[in-house]
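Peer 1: First the structure, which I've put down as structure tokens, then a few questions once you've had a look.
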Amino acid sequence: MTPVLAAAVAMLIGVAGTSTIHLSKGVMKLGVVRLRTPEYDRRRARAIYAIGIAMNFTNPIWVIAANRFAPTVYYTSVYGLGLIALLLFSRSVLHEPLVGRQILGVAVLAVGTVTIGLSELSGDPISLYGASRPRLLWFAALWIGGGVIAALVTRRGRLRVQELVFGVAGGGLAALEAVVKGVSQTGPDGGAFLPTGAANWALFIVSFAGAAGAFGMIQWSFARSCRASIMGAAYTVTYVALPLLLTPFIVGSGIPRAGALLGLLVLAVGIVMVAGETRQAAAARA
């Protein structure tokens with residue numbers, strides 16, 4: 001398999017993975033709605049909610065599968081597309097309104113994702129073999145510590161600031177899980193489904209702390225009454241951006257590709273347009 005084809009396979013796995021993860025949020029919400037409907041069977045409602053939880057926790061499986069074919073950045077680069085699947089589910093199943101801004105945001109989202117994808121596919125893949133593990137682990141430790149400190153410092157601050165802090169912290173932790181897994185799975189002959197050697201297995205096991213931390217940040221944000229739309233937008237942007245920015249740093253290959261940075265900017269605009277709170281929702285919340 002050629003490097004370009006392998007990268008394309010990793011991105012296709014990414015599309016399937018992000019669609020599943022984003023849809024899980026819609027499925028869990030459907031279960032909650034059904035539980036609040038007196039005439040609906042409660043066992044079926046709980047089953048729907050449980051399915052949503054199970055879908056959400058498949059994320060490590062998608063990451064592991066994609067890392068077998070190409071560096072982690074190819075998987076994470078398409079994560080924003082999952083918002084499209086969630087938007088369609090919300091409209092067709094949950095019967096939530098779809099405004100013109102969100103429709104335009106979907107188009108912008110697609111353009112940003114395609115721009116990042118073409119940029120990554122047009123250049124030589126950056127292998128994670130030989131990546132600096134001390135740099136990666138120090139960065140992860142600083143991110144965890146900085147995220148917790150920022151969450152504590154902003155606890156009495158404006159809600160919008162807290163939403164951004166929790167979204168950036170949680171999205172970064174989830175991205176670090178994917179990158180650490182990618183480093184542990186990569187050998188001299190490319191990626192593997194499972195690590196080889198004690199050191200790689202230790203790194204692989206440690207990576208699950210990123211997923212746990214991201215889940216904790218999301219729950220902590222909800223306890224602070226943060227809006228899922230704003231927090232989720234910051235989470236998604238950070239999840240895509242961090243591997244693009246971090247990978248060149250840990251492998252010592254210079255700066256990220258200009259096309260990827262441009263695509264990231266476009267992607268961020270699209271995500272804000274899709275996930276941002278509508279005027280109707282803001283009025284209802286007020």
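Going through the structure tokens in order, the chains are called A, B, and so on, while each chain numbers its residues from 1 and the ligands are numbered from 1 in the order shown.
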Find the residues around range 176-188 of chain A up to 7 Å (only C-alpha atoms counted), leave out those fewer than 4 positions away in its own chain, and share them as an MDAnalysis selection string.
Peer 2: chainID A and resid 63 67 71:72 128:129 131 140 172 192:195 200:201 203:204 207:208 210:211 243
Peer 1: Write down as a ChimeraX atom specification the residues of range 166-270 of chain A whose backbone DSSP state falls under alpha helix (DSSP H).
Peer 2: /A:166-185,198-223,228-251,258-270
Peer 1: List the spatial neighbours of Leu81 in chain A as number ranges by chain - criterion: any atom at most 8 Å away, only C-alpha atoms, same-chain residues fewer than 5 positions off excluded.
Peer 2: A: 15, 18-19, 109-110, 113
Peer 1: Selected residues, C-alpha atoms, written as a tab-separated table (two decimals), in the first residue's frame, please.
Peer 2:
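Output below, filename selection-v8.tsv:
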chain	number	residue	atom	x	y	z
A	15	VAL	CA	-14.65	10.00	9.07
A	18	THR	CA	-15.90	11.02	14.18
A	19	SER	CA	-19.38	10.35	12.79
A	109	LEU	CA	-16.65	22.87	7.48
A	110	ALA	CA	-16.30	20.65	4.43
A	113	THR	CA	-11.52	19.66	6.17
Peer 1: List every residue of range 72-161 of chain A that has an atom at most 12 Å from any atom of range 28-44 of chain A, giving for each one its closest atom pair and the distance in Å to one decimal, counting only C-alpha atoms, sorted by chain and then by ascending residue number, as a Markdown table.
Peer 2:
| residue | atom | partner | partner_atom | distance |
| --- | --- | --- | --- | --- |
| A:Leu86 | CA | A:Lys29 | CA | 11.1 |
| A:Phe89 | CA | A:Leu30 | CA | 10.0 |
| A:Ser90 | CA | A:Leu30 | CA | 9.1 |
| A:Arg91 | CA | A:Leu30 | CA | 11.9 |
| A:Ser92 | CA | A:Leu30 | CA | 11.7 |
| A:Val93 | CA | A:Leu30 | CA | 8.2 |
| A:Leu94 | CA | A:Leu30 | CA | 6.8 |
| A:His95 | CA | A:Leu30 | CA | 10.5 |
| A:Glu96 | CA | A:Leu30 | CA | 11.4 |
Peer 1: Next, write the just-selected residues to a file, as a JSON list (two decimals), in the first residue's frame, keeping N, CA and C atoms as the atom set.
Peer 2:
[["chain", "number", "residue", "atom", "x", "y", "z"],
["A", 86, "LEU", "N", -24.00, 14.71, 13.21],
["A", 86, "LEU", "CA", -24.81, 15.06, 14.38],
["A", 86, "LEU", "C", -25.90, 16.06, 14.01],
["A", 89, "PHE", "N", -28.67, 14.20, 12.22],
["A", 89, "PHE", "CA", -29.42, 13.38, 13.18],
["A", 89, "PHE", "C", -30.34, 14.25, 14.03],
["A", 90, "SER", "N", -29.80, 15.38, 14.47],
["A", 90, "SER", "CA", -30.59, 16.29, 15.30],
["A", 90, "SER", "C", -31.80, 16.81, 14.55],
["A", 91, "ARG", "N", -31.62, 17.06, 13.27],
["A", 91, "ARG", "CA", -32.71, 17.59, 12.45],
["A", 91, "ARG", "C", -33.75, 16.53, 12.13],
["A", 92, "SER", "N", -33.31, 15.32, 11.74],
["A", 92, "SER", "CA", -34.25, 14.31, 11.26],
["A", 92, "SER", "C", -34.86, 13.47, 12.37],
["A", 93, "VAL", "N", -34.12, 13.23, 13.45],
["A", 93, "VAL", "CA", -34.61, 12.35, 14.53],
["A", 93, "VAL", "C", -35.08, 13.15, 15.74],
["A", 94, "LEU", "N", -34.28, 14.13, 16.15],
["A", 94, "LEU", "CA", -34.65, 14.93, 17.31],
["A", 94, "LEU", "C", -35.54, 16.12, 16.95],
["A", 95, "HIS", "N", -35.69, 16.35, 15.64],
["A", 95, "HIS", "CA", -36.55, 17.43, 15.11],
["A", 95, "HIS", "C", -36.16, 18.80, 15.65],
["A", 96, "GLU", "N", -34.84, 19.01, 15.77],
["A", 96, "GLU", "CA", -34.35, 20.32, 16.16],
["A", 96, "GLU", "C", -34.25, 21.22, 14.94]]
Peer 1: Could you check the closest approach to Phe249 in chain A for each of A:Met273, A:Met231, A:Ile126, A:Ala10 and tell me which residue wins, using only C-alpha atoms?
Peer 2: A:Ile126
Peer 1: When you look at Trp220 in chain A with a cut-off of 12 Å (counting only C-alpha atoms), what residues show up, excluding the ones that are within fewer than 3 positions of it in the same chain? I need them as an MDAnalysis selection string.
Peer 2: chainID A and resid 147:148 151:152 155 162:163 165:167 169:170 213:217 223:228 231
Peer 1: Save the residues we just selected, C-alpha atoms, as a PDB file, in the first residue's frame?
Peer 2:
ATOM      1  CA  GLY A 147      -5.948  22.889  32.083  1.00  0.00           C
ATOM      2  CA  VAL A 148      -6.730  22.148  35.724  1.00  0.00           C
ATOM      3  CA  ALA A 151     -10.441  25.634  35.191  1.00  0.00           C
ATOM      4  CA  LEU A 152      -9.909  26.539  38.848  1.00  0.00           C
ATOM      5  CA  ARG A 155     -14.499  29.264  38.236  1.00  0.00           C
ATOM      6  CA  GLN A 162     -15.202  28.844  31.186  1.00  0.00           C
ATOM      7  CA  GLU A 163     -16.753  27.191  28.123  1.00  0.00           C
ATOM      8  CA  VAL A 165     -11.296  26.828  28.815  1.00  0.00           C
ATOM      9  CA  PHE A 166     -13.039  23.472  29.277  1.00  0.00           C
ATOM     10  CA  GLY A 167     -13.396  22.943  25.512  1.00  0.00           C
ATOM     11  CA  ALA A 169      -8.523  21.597  27.803  1.00  0.00           C
ATOM     12  CA  GLY A 170     -10.775  18.621  27.018  1.00  0.00           C
ATOM     13  CA  GLY A 213      -9.223  13.402  31.421  1.00  0.00           C
ATOM     14  CA  ALA A 214     -11.208  14.612  28.428  1.00  0.00           C
ATOM     15  CA  PHE A 215     -14.335  12.882  29.729  1.00  0.00           C
ATOM     16  CA  GLY A 216     -13.751  14.434  33.153  1.00  0.00           C
ATOM     17  CA  MET A 217     -13.365  17.921  31.672  1.00  0.00           C
ATOM     18  CA  ALA A 223     -21.397  20.875  36.379  1.00  0.00           C
ATOM     19  CA  ARG A 224     -20.465  24.524  35.777  1.00  0.00           C
ATOM     20  CA  SER A 225     -23.565  24.888  33.524  1.00  0.00           C
ATOM     21  CA  CYS A 226     -21.430  25.405  30.411  1.00  0.00           C
ATOM     22  CA  ARG A 227     -23.284  25.246  27.096  1.00  0.00           C
ATOM     23  CA  ALA A 228     -22.458  22.129  25.096  1.00  0.00           C
ATOM     24  CA  MET A 231     -17.679  24.099  24.728  1.00  0.00           C
TER      25      MET A 231
END
Peer 1: When distances are computed from only C-alpha atoms, which of A:Ala198, A:Leu121, A:Ala175, A:Ile103 shows the smallest separation from Ile271 in chain A?
Peer 2: A:Ile103
Peer 1: If you measure from CA of Leu104 in chain A to CA of Val272 in chain A, what distance in Å do you get, rounded to one decimal?
Peer 2: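 Computed distance, CA of Leu104 in chain A to CA of Val272 in chain A, equals 11.1 Å.
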Peer 1: Using only C-alpha atoms, find the one residue out of A:Leu173, A:Ala65, A:Ala8, A:Leu136 that sits nearest to Leu246 in chain A.
Peer 2: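 Comparing A:Leu173, A:Ala65, A:Ala8, A:Leu136 against Leu246 in chain A, the winner is A:Leu136.
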Peer 1: Using only C-alpha atoms, which residue out of A:Leu164, A:Met11, A:Ile205, A:Leu244 lies closest to Ala258 in chain A?
Peer 2: A:Leu244
